[in-house]
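The file input09.cif comes next; it holds mmCIF, C-alpha atoms and all ligand atoms.
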```cif
data_entry
#
loop_
_atom_site.label_atom_id
_atom_site.label_comp_id
_atom_site.auth_asym_id
_atom_site.auth_seq_id
_atom_site.Cartn_x
_atom_site.Cartn_y
_atom_site.Cartn_z
CA MET A 414 -8.84 -28.42 38.46
CA LYS A 415 -5.89 -29.39 36.30
CA ASN A 416 -8.08 -28.97 33.22
CA ILE A 417 -9.16 -25.53 34.30
CA LEU A 418 -5.57 -24.47 34.91
CA GLY A 419 -4.67 -25.82 31.49
CA LEU A 420 -7.49 -23.85 29.89
CA VAL A 421 -6.50 -20.71 31.76
CA SER A 422 -2.90 -20.95 30.64
CA ILE A 423 -3.88 -21.63 27.02
CA SER A 424 -6.16 -18.57 27.07
CA LEU A 425 -3.35 -16.52 28.58
CA ILE A 426 -0.95 -17.63 25.86
CA LEU A 427 -3.52 -16.82 23.15
CA PHE A 428 -4.33 -13.51 24.80
CA SER A 429 -0.71 -12.43 24.99
CA ALA A 430 -0.19 -13.51 21.36
CA CYS A 431 -3.00 -11.15 20.37
CA GLN A 432 -1.63 -8.39 22.54
CA GLN A 433 1.68 -8.59 20.77
CA GLY A 434 -0.20 -7.45 17.70
CA LEU A 435 0.29 -8.40 14.11
CA SER A 436 2.58 -11.13 12.86
CA GLN A 437 5.11 -10.35 10.14
CA LYS A 438 2.91 -12.27 7.70
CA ASP A 439 -0.17 -10.19 8.64
CA LYS A 440 1.80 -6.99 8.29
CA LYS A 441 3.00 -7.98 4.84
CA GLU A 442 -0.55 -8.72 3.74
CA TYR A 443 -1.85 -5.39 5.05
CA VAL A 444 1.01 -3.53 3.37
CA THR A 445 0.04 -5.12 0.03
CA LYS A 446 -3.65 -4.34 0.56
CA GLY A 447 -2.92 -0.80 1.76
CA LYS A 448 -0.76 -0.07 -1.26
CA GLU A 449 -3.47 -1.38 -3.57
CA ILE A 450 -6.12 0.82 -1.93
CA ALA A 451 -3.90 3.93 -1.87
CA GLN A 452 -2.98 3.47 -5.53
CA ALA A 453 -6.59 2.92 -6.61
CA THR A 454 -7.73 6.01 -4.69
CA PHE A 455 -4.86 8.09 -6.04
CA LYS A 456 -5.68 6.96 -9.59
CA LEU A 457 -9.35 7.78 -9.21
CA MET A 458 -8.72 11.25 -7.73
CA GLY A 459 -5.79 12.03 -10.02
CA GLY A 460 -7.71 11.00 -13.13
CA GLU A 461 -10.61 13.26 -12.27
CA VAL A 462 -8.34 16.21 -11.40
CA GLU A 463 -6.45 15.81 -14.68
CA LYS A 464 -9.72 15.85 -16.65
CA LYS A 465 -10.79 19.08 -14.95
CA MET A 466 -7.34 20.63 -15.45
CA LYS A 467 -7.60 19.96 -19.18
CA ASP A 468 -11.13 21.32 -19.16
CA GLY A 469 -10.45 24.63 -17.46
CA GLY A 470 -7.22 24.68 -15.42
CA VAL A 471 -7.05 25.33 -11.70
CA SER A 472 -10.27 27.38 -11.72
CA LYS A 473 -12.14 24.17 -12.65
CA ALA A 474 -9.96 21.58 -10.89
CA ALA A 475 -9.64 23.21 -7.44
CA PRO A 476 -13.41 23.65 -6.89
CA TYR A 477 -13.81 20.07 -8.10
CA CYS A 478 -11.38 18.81 -5.41
CA ASN A 479 -13.15 20.99 -2.89
CA ALA A 480 -16.52 19.45 -3.69
CA HIS A 481 -15.53 15.85 -4.40
CA ALA A 482 -12.26 14.82 -2.68
CA GLU A 483 -14.16 13.45 0.30
CA ASN A 484 -16.75 11.62 -1.81
CA LEU A 485 -14.06 9.98 -3.89
CA THR A 486 -12.14 8.69 -0.85
CA ASP A 487 -15.41 7.55 0.76
CA GLU A 488 -16.36 5.70 -2.42
CA MET A 489 -13.08 3.77 -2.31
CA ALA A 490 -13.37 3.21 1.45
CA GLU A 491 -16.75 1.60 0.93
CA LYS A 492 -15.45 -0.54 -1.90
CA PHE A 493 -12.50 -1.87 0.12
CA LYS A 494 -14.28 -1.89 3.52
CA VAL A 495 -11.75 0.40 5.22
CA THR A 496 -11.46 3.99 6.40
CA ILE A 497 -9.28 6.12 4.13
CA LYS A 498 -7.71 9.41 5.11
CA ARG A 499 -5.10 11.68 3.53
CA THR A 500 -3.49 13.91 6.07
CA SER A 501 -0.59 16.32 6.33
CA ASN A 502 1.34 18.60 8.70
CA LYS A 503 0.66 21.46 6.25
CA LEU A 504 -3.05 21.36 5.59
CA ARG A 505 -5.25 22.75 2.90
CA ASN A 506 -8.52 21.32 4.20
CA GLU A 507 -8.65 21.37 8.01
CA GLU A 508 -11.00 18.39 7.92
CA ASN A 509 -7.97 16.31 6.93
CA ALA A 510 -6.15 17.20 10.19
CA PRO A 511 -3.95 14.43 11.66
CA ASN A 512 -4.76 12.64 14.93
CA SER A 513 -1.99 11.92 17.47
CA GLU A 514 -0.93 8.64 15.82
CA GLU A 515 -0.84 10.26 12.37
CA LYS A 516 1.26 13.12 13.74
CA VAL A 517 3.84 10.59 14.94
CA MET A 518 3.88 8.91 11.52
CA LEU A 519 4.23 12.24 9.70
CA GLU A 520 7.27 13.05 11.83
CA LYS A 521 8.71 9.58 11.32
CA PHE A 522 8.46 9.81 7.51
CA LYS A 523 9.71 13.40 7.52
CA THR A 524 12.84 12.44 9.47
CA LEU A 525 13.55 9.43 7.23
CA ILE A 526 13.26 11.59 4.10
CA ALA A 527 15.41 14.34 5.63
CA GLU A 528 18.08 11.73 6.39
CA GLY A 529 17.89 10.54 2.80
CA LYS A 530 16.63 7.12 3.88
CA GLU A 531 14.19 4.95 1.99
CA VAL A 532 10.57 5.36 3.07
CA LYS A 533 8.31 2.35 3.10
CA PRO A 534 4.70 1.88 4.22
CA ILE A 535 4.20 0.98 7.88
CA VAL A 536 1.48 -1.25 9.32
CA GLU A 537 0.71 -1.08 13.04
CA THR A 538 -2.20 -1.81 15.35
CA ASP A 539 -3.88 1.53 16.03
CA GLN A 540 -5.37 2.93 19.25
CA GLU A 541 -8.69 1.31 18.41
CA GLY A 542 -7.04 -2.08 17.93
CA TYR A 543 -7.34 -2.25 14.13
CA PRO A 544 -4.55 -2.95 11.65
CA HIS A 545 -3.57 0.45 10.24
CA PHE A 546 -1.60 1.26 7.09
CA TYR A 547 0.49 4.45 6.77
CA ALA A 548 2.40 5.45 3.64
CA PRO A 549 4.12 8.65 2.53
CA ILE A 550 2.62 10.88 -0.17
CA LYS A 551 5.38 12.62 -2.07
CA MET A 552 5.06 15.64 -4.33
CA LYS A 553 5.24 15.00 -8.05
CA LYS A 554 5.87 17.67 -10.63
CA LYS A 555 2.24 17.78 -11.72
CA CYS A 556 1.09 18.47 -8.13
CA LEU A 557 3.05 21.72 -7.97
CA THR A 558 0.46 23.65 -10.04
CA CYS A 559 -1.61 23.69 -6.85
CA HIS A 560 0.97 23.01 -4.10
CA GLY A 561 4.20 24.53 -5.44
CA VAL A 562 6.33 27.57 -4.70
CA LEU A 563 4.43 30.82 -5.42
CA GLY A 564 5.70 32.75 -8.40
CA GLU A 565 7.86 29.78 -9.40
CA SER A 566 6.23 26.39 -9.84
CA MET A 567 2.82 27.77 -8.80
CA LYS A 568 1.12 30.80 -10.28
CA HIS A 569 -0.26 33.51 -8.01
CA GLU A 570 -3.51 33.24 -9.92
CA ALA A 571 -3.84 29.56 -8.93
CA ASP A 572 -3.11 30.49 -5.32
CA SER A 573 -5.86 33.15 -5.33
CA ILE A 574 -8.40 30.64 -6.62
CA ILE A 575 -7.40 28.13 -3.95
CA LYS A 576 -7.41 30.77 -1.16
CA THR A 577 -11.03 31.68 -1.98
CA LEU A 578 -11.94 28.05 -1.25
CA TYR A 579 -9.47 27.52 1.63
CA PRO A 580 -8.63 30.87 3.28
CA ASN A 581 -6.31 29.14 5.78
CA ASP A 582 -4.49 27.09 3.15
CA ASN A 583 -1.04 25.99 4.29
CA ALA A 584 -0.30 23.45 1.56
CA VAL A 585 1.95 25.46 -0.75
CA GLY A 586 5.70 25.93 -1.07
CA TYR A 587 6.48 22.31 -1.91
CA LYS A 588 9.17 21.03 -4.25
CA GLU A 589 9.20 17.82 -6.23
CA GLY A 590 10.02 14.87 -3.92
CA ASP A 591 8.94 16.63 -0.71
CA LEU A 592 6.75 14.78 1.74
CA ARG A 593 3.28 16.21 1.21
CA GLY A 594 1.49 14.00 3.69
CA ILE A 595 0.48 10.43 4.38
CA TRP A 596 -2.16 7.88 3.53
CA SER A 597 -3.80 6.60 6.68
CA ILE A 598 -5.94 3.53 6.07
CA ALA A 599 -7.69 1.61 8.88
CA PHE A 600 -8.84 -1.96 8.30
CA ASN A 601 -11.77 -1.47 10.62
CA GLN A 602 -14.79 -2.99 8.84
C1 LIG B 701 -5.97 21.39 -9.21
C2 LIG B 701 -5.21 21.63 -8.02
C3 LIG B 701 -4.54 20.47 -7.31
C4 LIG B 701 -3.60 19.62 -7.81
C5 LIG B 701 -3.03 19.56 -9.23
C6 LIG B 701 -3.23 18.76 -6.69
N1 LIG B 701 -3.91 19.11 -5.56
FE1 LIG B 701 -3.71 18.28 -3.71
N2 LIG B 701 -5.27 19.38 -3.03
C7 LIG B 701 -5.96 20.31 -3.79
C8 LIG B 701 -7.14 20.73 -3.04
C9 LIG B 701 -8.16 21.75 -3.51
C10 LIG B 701 -7.12 20.01 -1.83
C11 LIG B 701 -8.15 20.03 -0.71
C12 LIG B 701 -9.12 18.88 -0.97
C13 LIG B 701 -10.12 18.68 0.13
O1 LIG B 701 -10.94 19.58 0.36
O2 LIG B 701 -10.06 17.61 0.77
C14 LIG B 701 -5.93 19.18 -1.87
C15 LIG B 701 -5.58 18.33 -0.82
C16 LIG B 701 -4.50 17.48 -0.86
C17 LIG B 701 -4.14 16.57 0.22
C18 LIG B 701 -4.89 16.37 1.53
C19 LIG B 701 -4.30 17.08 2.70
C20 LIG B 701 -4.73 18.52 2.88
O3 LIG B 701 -3.85 19.36 2.99
O4 LIG B 701 -5.95 18.82 2.93
C21 LIG B 701 -3.04 15.90 -0.21
C22 LIG B 701 -2.27 14.84 0.57
C23 LIG B 701 -2.73 16.36 -1.55
N3 LIG B 701 -3.63 17.34 -1.91
C24 LIG B 701 -1.71 15.87 -2.32
C25 LIG B 701 -1.58 16.14 -3.69
C26 LIG B 701 -0.67 15.41 -4.57
C27 LIG B 701 0.28 14.33 -4.14
C28 LIG B 701 -0.88 15.92 -5.83
C29 LIG B 701 -0.22 15.49 -7.12
C30 LIG B 701 -0.30 14.08 -7.47
C31 LIG B 701 -1.88 16.97 -5.73
N4 LIG B 701 -2.30 17.07 -4.40
C32 LIG B 701 -2.30 17.74 -6.79
C33 LIG B 701 -5.61 20.78 -5.04
C34 LIG B 701 -4.74 20.14 -5.90
#
```
Could you render the structure as structure tokens?
Amino acid sequence: MKNILGLVSISLILFSACQQGLSQKDKKEYVTKGKEIAQATFKLMGGEVEKKMKDGGVSKAAPYCNAHAENLTDEMAEKFKVTIKRTSNKLRNEENAPNSEEKVMLEKFKTLIAEGKEVKPIVETDQEGYPHFYAPIKMKKKCLTCHGVLGESMKHEADSIIKTLYPNDNAVGYKEGDLRGIWSIAFNQ
């Protein structure tokens, strides 16, 4: 009987340790991994977009993103055994829409940036119980060709090309440094 009670209490301790989620050490490791995956994906996508921009400007690059953005993220997801998503509160492709947890993170990062605070990646256990990495995606100057302010940093011509592919496009009007969206990476495989 004593042994059983002992076993039960050990299991309870272990169970509650798991429930408390990730240790600081785990979080640190997932932050490092998440950053590595986000950077590799960004480099792959960015490299391809730059090639197409040199080749034929927005009229070549935008259809390329339209056809391949998902394949490129899936390729990296398979390589790193994770699920990779880029999402935003101002969408271009509705398939990238945020879920409830991502909406909370978008708001969190938006507030921090608005308050002029430093934004760092966050790792949390998600609704499905997996470690989940979130990090802000900020607008760089080179992104504005396709996400900038119309008639200023973004040409109307570029907007027309993008609107033919995404009639409900909402992802324009950004300035350098603005929060464009977030990386959302689940360590679920
Ligand atoms: C050649 C035009 C072009 C450039 C330059 C560009 N984007 Fe995009 N962006 C797109 C298109 C097209 C999509 C939709 C891709 C898809 O269908 O998933 C998109 C989608 C996104 C998304 C996914 C969320 C959504 O709204 O669907 C993010 C985040 C994003 N872009 C960030 C950036 C950042 C950051 C840069 C600069 C480093 C950048 N983009 C440069 C055209 C561009």
Within 9 Å of ligand LIG 701 (chain B), counting all atoms listed in the file, residues as a PyMOL selection string: chain A and resi 455+458-459+462-463+465-466+470-483+498-510+550-560+571+575+578-579+582-584+592-596
Counting only C-alpha atoms, the residue of A:Asp572, A:Asp539, A:Glu442, A:Asp487 that sits nearest Val517 of chain A: A:Asp539
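The space between atom CA of Gly447 of chain A and atom CA of Phe546 of chain A spans 5.9 Å.
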Given all atoms listed in the file as the counted atoms, nearest of A:Ser597, A:Val585, A:Glu541, A:Ala548 to Ser566 of chain A: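 Closest to Ser566 of chain A of all the choices is A:Val585.
Proximity of A:Gly434, A:Gly564, A:Pro534, A:Pro549 to Asp591 of chain A, computed with only C-alpha atoms, is greatest for A:Pro549.
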Env of Lys533 of chain A: 10 Å cut, atoms = all atoms listed in the file, seq-sep filter 3 positions within chain, self excluded. Answer as a list in words. Val444, Phe522, Leu525, Lys530, Val536, Tyr547, Ala548 and Pro549 of chain A
